[in-house]
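K.L.:
Structure below; questions to follow.
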Amino acid sequence: MITLSVIKADTGGFVGHSAVHPNMMAEARREIDRATASGLLIDGQVASCGDDISLIMTHTYGADAGLIHSFAWDTFQATTHIAKGLGLYGAGQDLLSDAFSGNLRGMGPGYAELEFEERPSEPVLCFLADKTEPGAWNLPLYKMFADPFNTAGLVIDGKMHAGFGFEVYDLYEEKRIVFDCPADLYDMLMYIGAPARYVIHGVRSKTLGETAATTSTQRLSLIAGKYVGKDDPVMIVRCQSGLPAVGEALEPFAFPYTVAGCMRGSHHAPFLPVPVRQAHPSRFDGPPRVVALGFQIHDGKLIGPRDMFDDPAFDGARAQASEIMDYLRRHGPFEPHRLPLSELEYTTMPALAQRLANRWTPMTTEIATPVG
Ligand code: 13P
Ligand code: 13P
Ligand code: MG
Ligand code: MG
Ligand code: MG
Ligand code: MG
């Protein structure tokens with residue numbers, strides 16, 4: 001068995017929240033190389049989307065392993081040190097605790113981890129996003145694993161036809177449920193259509209008994225009890241041979257659906273699939289970005305990445321996203337561009353409510369004279 005771990009954190013932005021500084025990337029690479037040389041990792045790579053660094057690692061310690069999580073924590077401390085030295089924005093932003101204790105749960109960094117028996121050919125996609133939340137993966141996971149208009153294999157591949165089990169988290173109540181699809185499709189959609197609260201954590205093949213996909217589901221805003229940025233999620237999807245083909249796993253992103261995030265984590269905006277070189281959200285700190293890194297995993301080694309959205313076939317989605325961005329931006333501070341009050345990550349509302357408390361009076365039929 002090998003484990004693929006993608007562990008990510010924002011440890012400082014260059015410039016603002018738009019990218020990771022090259023010196024931070026180089027430092028993370030040095031750490032990964034050291035950990036590979038020492039035998040902790042079988043293999044490892046460093047990637048980024050926007051201002052978030054992802055450590056993509058293979059090893060034999062399983063998910064939630066203290067050794068792997070503490071290595072990631074130390075690496076993020078090191079990149080934070082560099083960010084501080086350069087005065088980068090929000091240095092150490094996602095490191096919410098002063099000391100590491102056991103694993104990264106509740107500490108700020110996000111992670112998706114998958115333990116599996118490597119198949120003779122093991123194509124895997126690592127999706128990295130910036131300026132959005134983990135529920136952003138609900139729609140594409142539904143399409144990949146439950147929508148025959150997206151995934152032909154659900155109809156014509158005997159190993160997919162029985163369907164998939166979806167594990168869904170309720171992030172508010174900290175509970176989980178498994179939906180058996182296609183039987184439970186309509187029940188599941190009632191929940192996952194509300195992605196701020198209900199998040200698909202994993203998908204399993206009923207026929208193969210294998211986990212096919214997993215997402216990072218940490219919710220920073222709740223962990224920190226105050227705004228510390230959206231969670232900027234990652235996702236791992238294994239492909240082919242009874243799982244969605246690579247092209248079926250990429251296909252949902254040809255539709256630039258709307259996600260929550262963007263400026264101050266408080267706006268709806270289209271989700272833009274981009275090649276790595278364009279994964280730097282600047283317009284209105286958006287639109288939110290997604291990159292897809294393709295790997296063939298062989299003897300635990302990461303053969304790749306291929307930059308999967310570096311394909312003109314996604315130009316149409318990018319053009320449409322630009323149009324949607326223009327349209328939504330013109331709403332300024334109005335919903336549905338701005339998130340509803342309950343979902344705002346930045347808010348002046350409690351202070352306003354207090355200051356204006358005694359200017360609110362019962363509604364009457366006469367027109368009141370404004371008080372200045
Ligand atoms: P496989 O069974 O080889 O995964 O076939 C699916 C495919 O590659 C079609 O795109
Ligand atoms: P990040 O979570 O990517 O740091 O974004 C925070 C933000 O407020 C962007 O406007
Ligand atoms: Mg940031
Ligand atoms: Mg970010
Ligand atoms: Mg963030
Ligand atoms: Mg084939």
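Following the order of the structure tokens, first chain is A, next is B, and so on, with residues numbered from 1 inside each chain and ligands from 1 in the order they appear.
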Can you tell me which residues sit at most 7 Å away from ligand 1, counting only C-alpha atoms and all ligand atoms, written as number ranges by chain?

P.N.:
A: 240-242, 245, 247

K.L.:
Using only C-alpha atoms and all ligand atoms, determine which residues fall within 10 Å of ligand 5, then list them as a VMD selection string.

P.N.:
chain A and resid 8 to 13 17 50 to 52 90 93 to 94 108 to 110 129 to 133 220 to 221 227 to 233 261 264 to 265

K.L.:
Output N, CA and C atoms for every residue in that selection, as a JSON list (two decimals), in the first residue's frame.

P.N.:
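And here is the file that came out, result35.json:
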```json
[["chain", "number", "residue", "atom", "x", "y", "z"],
["A", 8, "LYS", "N", -1.56, 21.32, 2.08],
["A", 8, "LYS", "CA", -1.39, 22.69, 1.58],
["A", 8, "LYS", "C", -1.63, 23.74, 2.65],
["A", 9, "ALA", "N", -0.96, 24.87, 2.44],
["A", 9, "ALA", "CA", -1.18, 26.01, 3.34],
["A", 9, "ALA", "C", -0.79, 27.29, 2.61],
["A", 10, "ASP", "N", -1.42, 28.37, 3.02],
["A", 10, "ASP", "CA", -1.02, 29.71, 2.60],
["A", 10, "ASP", "C", -0.09, 30.22, 3.70],
["A", 11, "THR", "N", 1.19, 30.37, 3.35],
["A", 11, "THR", "CA", 2.14, 30.86, 4.36],
["A", 11, "THR", "C", 2.67, 32.24, 3.99],
["A", 12, "GLY", "N", 1.95, 32.89, 3.08],
["A", 12, "GLY", "CA", 2.34, 34.26, 2.71],
["A", 12, "GLY", "C", 2.13, 34.48, 1.23],
["A", 13, "GLY", "N", 1.59, 35.65, 0.87],
["A", 13, "GLY", "CA", 1.26, 35.92, -0.52],
["A", 13, "GLY", "C", 2.21, 36.92, -1.16],
["A", 17, "HIS", "N", -2.56, 38.56, -2.17],
["A", 17, "HIS", "CA", -2.93, 37.14, -2.04],
["A", 17, "HIS", "C", -2.81, 36.41, -3.38],
["A", 50, "GLY", "N", -2.38, 30.07, -6.78],
["A", 50, "GLY", "CA", -2.51, 31.33, -6.07],
["A", 50, "GLY", "C", -1.48, 31.43, -4.96],
["A", 51, "ASP", "N", -1.93, 31.79, -3.76],
["A", 51, "ASP", "CA", -0.99, 31.99, -2.65],
["A", 51, "ASP", "C", -0.84, 30.76, -1.77],
["A", 52, "ASP", "N", -1.31, 29.61, -2.25],
["A", 52, "ASP", "CA", -1.24, 28.38, -1.47],
["A", 52, "ASP", "C", -0.18, 27.43, -2.02],
["A", 90, "GLY", "N", 0.46, 38.42, 4.71],
["A", 90, "GLY", "CA", -0.15, 37.32, 5.46],
["A", 90, "GLY", "C", 0.83, 36.19, 5.71],
["A", 93, "GLN", "N", -0.15, 32.83, 7.29],
["A", 93, "GLN", "CA", -1.61, 33.01, 7.38],
["A", 93, "GLN", "C", -2.39, 31.78, 7.87],
["A", 94, "ASP", "N", -2.08, 30.62, 7.32],
["A", 94, "ASP", "CA", -2.89, 29.44, 7.65],
["A", 94, "ASP", "C", -2.33, 28.62, 8.82],
["A", 108, "GLY", "N", -4.93, 24.37, 10.69],
["A", 108, "GLY", "CA", -4.92, 25.37, 9.63],
["A", 108, "GLY", "C", -4.63, 24.83, 8.25],
["A", 109, "PRO", "N", -3.51, 24.09, 8.05],
["A", 109, "PRO", "CA", -3.27, 23.53, 6.72],
["A", 109, "PRO", "C", -4.40, 22.57, 6.30],
["A", 110, "GLY", "N", -4.63, 22.46, 4.99],
["A", 110, "GLY", "CA", -5.64, 21.53, 4.48],
["A", 110, "GLY", "C", -4.93, 20.30, 3.91],
["A", 129, "ALA", "N", -6.95, 24.38, -5.75],
["A", 129, "ALA", "CA", -7.76, 25.58, -6.00],
["A", 129, "ALA", "C", -7.31, 26.72, -5.09],
["A", 130, "ASP", "N", -7.56, 27.94, -5.54],
["A", 130, "ASP", "CA", -7.36, 29.10, -4.68],
["A", 130, "ASP", "C", -8.56, 30.02, -4.77],
["A", 131, "LYS", "N", -8.84, 30.70, -3.64],
["A", 131, "LYS", "CA", -9.94, 31.65, -3.50],
["A", 131, "LYS", "C", -11.31, 30.98, -3.54],
["A", 132, "THR", "N", -11.39, 29.79, -2.95],
["A", 132, "THR", "CA", -12.70, 29.17, -2.78],
["A", 132, "THR", "C", -12.66, 28.17, -1.62],
["A", 133, "GLU", "N", -13.73, 27.42, -1.46],
["A", 133, "GLU", "CA", -13.90, 26.56, -0.29],
["A", 133, "GLU", "C", -14.03, 25.10, -0.72],
["A", 220, "LEU", "N", -11.41, 26.53, 7.70],
["A", 220, "LEU", "CA", -10.58, 27.45, 8.47],
["A", 220, "LEU", "C", -11.37, 28.46, 9.26],
["A", 221, "SER", "N", -12.43, 28.99, 8.66],
["A", 221, "SER", "CA", -13.14, 30.08, 9.32],
["A", 221, "SER", "C", -13.73, 29.61, 10.64],
["A", 227, "TYR", "N", -12.19, 35.31, 10.73],
["A", 227, "TYR", "CA", -11.82, 35.15, 9.34],
["A", 227, "TYR", "C", -10.33, 34.95, 9.15],
["A", 228, "VAL", "N", -9.95, 33.86, 8.49],
["A", 228, "VAL", "CA", -8.54, 33.69, 8.16],
["A", 228, "VAL", "C", -8.41, 33.25, 6.70],
["A", 229, "GLY", "N", -9.40, 33.58, 5.89],
["A", 229, "GLY", "CA", -9.32, 33.20, 4.49],
["A", 229, "GLY", "C", -10.12, 31.94, 4.22],
["A", 230, "LYS", "N", -10.59, 31.80, 3.00],
["A", 230, "LYS", "CA", -11.26, 30.56, 2.61],
["A", 230, "LYS", "C", -10.25, 29.43, 2.63],
["A", 231, "ASP", "N", -10.74, 28.22, 2.54],
["A", 231, "ASP", "CA", -9.85, 27.08, 2.76],
["A", 231, "ASP", "C", -9.02, 26.69, 1.55],
["A", 232, "ASP", "N", -9.40, 27.21, 0.37],
["A", 232, "ASP", "CA", -8.57, 26.97, -0.81],
["A", 232, "ASP", "C", -8.23, 25.49, -0.93],
["A", 233, "PRO", "N", -9.22, 24.67, -1.34],
["A", 233, "PRO", "CA", -9.15, 23.22, -1.17],
["A", 233, "PRO", "C", -8.32, 22.50, -2.22],
["A", 261, "GLY", "N", -16.09, 32.56, -2.67],
["A", 261, "GLY", "CA", -14.69, 32.86, -2.36],
["A", 261, "GLY", "C", -14.32, 34.22, -2.89],
["A", 264, "ARG", "N", -11.96, 38.77, -0.51],
["A", 264, "ARG", "CA", -12.21, 38.67, 0.93],
["A", 264, "ARG", "C", -13.04, 37.42, 1.29],
["A", 265, "GLY", "N", -12.95, 36.40, 0.47],
["A", 265, "GLY", "CA", -13.68, 35.16, 0.73],
["A", 265, "GLY", "C", -15.18, 35.37, 0.82]]
```

K.L.:
Rounded to one decimal place, report the CA of Arg34 in chain A-CA of Ala91 in chain A distance in Å.

P.N.:
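Interatomic distance here is 23.4 Å.
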
K.L.:
Among range 146-262 of chain A, which residues does DSSP mark as strand (DSSP E or B) when it is run on the backbone? Keep the chain and numbering as in the structure and answer as an NGL selection string.

P.N.:
:A and (164-170 or 175-181 or 198-205 or 211-215 or 234-238 or 258-261)

K.L.:
Looking only at helix (DSSP H, G or I) from DSSP on the backbone, list the matching residues of range 166-358 of chain A as number ranges by chain.

P.N.:
A: 185-192, 220-224, 246-254, 263-265, 276-278, 312-329, 341-343, 349-358

K.L.:
Report as a PyMOL selection string all protein, DNA and RNA residues lying within 12 Å of Arg119 in chain A, evaluated on only C-alpha atoms, omitting residues in the same chain fewer than 6 positions from it.

P.N.:
chain A and resi 1-2+208+210+238-242+296-300

K.L.:
Go ahead and save the residues from that selection, with N, CA, C and O atoms, as a PDB file, in the first residue's frame.

P.N.:
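Full text of result11.pdb as output:
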```pdb
ATOM      1  N   MET A   1       0.844  -1.200   0.000  1.00  0.00           N
ATOM      2  CA  MET A   1       0.000   0.000   0.000  1.00  0.00           C
ATOM      3  C   MET A   1       0.879   1.250   0.000  1.00  0.00           C
ATOM      4  O   MET A   1       1.878   1.305   0.720  1.00  0.00           O
ATOM      5  N   ILE A   2       0.466   2.237  -0.786  1.00  0.00           N
ATOM      6  CA  ILE A   2       1.139   3.532  -0.693  1.00  0.00           C
ATOM      7  C   ILE A   2       0.096   4.587  -0.351  1.00  0.00           C
ATOM      8  O   ILE A   2      -1.107   4.372  -0.521  1.00  0.00           O
ATOM      9  N   LEU A 208     -15.270  -1.953  -7.423  1.00  0.00           N
ATOM     10  CA  LEU A 208     -13.862  -2.237  -7.122  1.00  0.00           C
ATOM     11  C   LEU A 208     -13.579  -2.221  -5.618  1.00  0.00           C
ATOM     12  O   LEU A 208     -12.538  -2.701  -5.182  1.00  0.00           O
ATOM     13  N   GLU A 210     -12.721   0.342  -4.048  1.00  0.00           N
ATOM     14  CA  GLU A 210     -11.538   1.213  -3.937  1.00  0.00           C
ATOM     15  C   GLU A 210     -11.980   2.652  -3.764  1.00  0.00           C
ATOM     16  O   GLU A 210     -12.972   3.070  -4.354  1.00  0.00           O
ATOM     17  N   ARG A 238      -8.387   9.412  -8.564  1.00  0.00           N
ATOM     18  CA  ARG A 238      -7.756   8.317  -9.317  1.00  0.00           C
ATOM     19  C   ARG A 238      -8.617   8.022 -10.538  1.00  0.00           C
ATOM     20  O   ARG A 238      -9.845   8.141 -10.481  1.00  0.00           O
ATOM     21  N   CYS A 239      -7.960   7.643 -11.637  1.00  0.00           N
ATOM     22  CA  CYS A 239      -8.690   7.529 -12.904  1.00  0.00           C
ATOM     23  C   CYS A 239      -8.479   6.177 -13.593  1.00  0.00           C
ATOM     24  O   CYS A 239      -7.541   5.453 -13.284  1.00  0.00           O
ATOM     25  N   GLN A 240      -9.349   5.914 -14.548  1.00  0.00           N
ATOM     26  CA  GLN A 240      -9.282   4.799 -15.513  1.00  0.00           C
ATOM     27  C   GLN A 240      -9.576   3.433 -14.877  1.00  0.00           C
ATOM     28  O   GLN A 240      -9.584   3.286 -13.658  1.00  0.00           O
ATOM     29  N   SER A 241      -9.788   2.474 -15.754  1.00  0.00           N
ATOM     30  CA  SER A 241      -9.975   1.062 -15.366  1.00  0.00           C
ATOM     31  C   SER A 241     -11.031   0.879 -14.281  1.00  0.00           C
ATOM     32  O   SER A 241     -10.745   0.414 -13.180  1.00  0.00           O
ATOM     33  N   GLY A 242     -12.244   1.303 -14.577  1.00  0.00           N
ATOM     34  CA  GLY A 242     -13.331   1.167 -13.606  1.00  0.00           C
ATOM     35  C   GLY A 242     -13.575   2.435 -12.811  1.00  0.00           C
ATOM     36  O   GLY A 242     -14.503   2.513 -11.998  1.00  0.00           O
ATOM     37  N   GLN A 296       1.266   9.884 -13.397  1.00  0.00           N
ATOM     38  CA  GLN A 296       1.227   8.417 -13.363  1.00  0.00           C
ATOM     39  C   GLN A 296       2.068   8.039 -12.156  1.00  0.00           C
ATOM     40  O   GLN A 296       3.238   8.440 -12.070  1.00  0.00           O
ATOM     41  N   ILE A 297       1.478   7.319 -11.224  1.00  0.00           N
ATOM     42  CA  ILE A 297       2.261   6.893 -10.062  1.00  0.00           C
ATOM     43  C   ILE A 297       2.794   5.502 -10.363  1.00  0.00           C
ATOM     44  O   ILE A 297       2.039   4.598 -10.747  1.00  0.00           O
ATOM     45  N   HIS A 298       4.113   5.360 -10.256  1.00  0.00           N
ATOM     46  CA  HIS A 298       4.724   4.065 -10.585  1.00  0.00           C
ATOM     47  C   HIS A 298       5.788   3.735  -9.553  1.00  0.00           C
ATOM     48  O   HIS A 298       6.711   4.535  -9.348  1.00  0.00           O
ATOM     49  N   ASP A 299       5.650   2.576  -8.906  1.00  0.00           N
ATOM     50  CA  ASP A 299       6.514   2.221  -7.762  1.00  0.00           C
ATOM     51  C   ASP A 299       6.555   3.367  -6.755  1.00  0.00           C
ATOM     52  O   ASP A 299       7.617   3.678  -6.196  1.00  0.00           O
ATOM     53  N   GLY A 300       5.426   4.019  -6.584  1.00  0.00           N
ATOM     54  CA  GLY A 300       5.334   5.126  -5.622  1.00  0.00           C
ATOM     55  C   GLY A 300       5.899   6.439  -6.136  1.00  0.00           C
ATOM     56  O   GLY A 300       5.790   7.465  -5.465  1.00  0.00           O
TER      57      GLY A 300
END
```

K.L.:
Pick the closest to ligand 2 from A:Trp73, A:Tyr172, A:Phe284, A:Tyr186: which is it, counting only C-alpha atoms and all ligand atoms?

P.N.:
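Nearest to ligand 2: A:Phe284.
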
K.L.:
Which residues are close to Ala146 in chain A, i.e. within 8 Å by only C-alpha atoms, leaving aside same-chain residues fewer than 5 positions away? Reply as a count of residues only.

P.N.:
8

K.L.:
So which one's closest to ligand 2, A:Phe314, A:Tyr61, A:Tyr346, A:Trp360? Using only C-alpha atoms and all ligand atoms, please.

P.N.:
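Selected residue with least distance to ligand 2: A:Tyr346.
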
K.L.:
Which residue is closest to Arg30 in chain A? Choose from A:Ser18, A:Thr214, A:Thr79, A:Thr3 and count only C-alpha atoms.

P.N.:
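The answer is A:Thr79, which sits nearest to Arg30 in chain A.
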
K.L.:
Applying 9 Å and only C-alpha atoms, which residues near range 328-337 of chain A remain after dropping the ones on its own chain fewer than 4 positions away? List them as a PyMOL selection string.

P.N.:
chain A and resi 266-270+284+323-324

K.L.:
Once you have the residues from the selection above, write them out as a compact mmCIF listing (two decimals), in the first residue's frame, restricted to C-alpha atoms.

P.N.:
```txt
# COMPACT_ATOMS: atom_id res chain seq x y z
CA SER A 266 -17.06 36.84 0.48
CA HIS A 267 -18.21 36.74 -3.15
CA HIS A 268 -19.63 34.38 -5.71
CA ALA A 269 -17.55 34.16 -8.86
CA PRO A 270 -16.91 31.70 -11.69
CA PHE A 284 -10.82 41.28 -7.57
CA GLU A 323 -18.11 37.19 -19.12
CA ILE A 324 -19.69 35.85 -15.93
```

K.L.:
Could you check the closest approach to ligand 3 for each of A:Glu31, A:Glu248, A:Asp285, A:Glu122 and tell me which residue wins, using only C-alpha atoms and all ligand atoms?

P.N.:
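Distance minimum relative to ligand 3 lands on A:Asp285.
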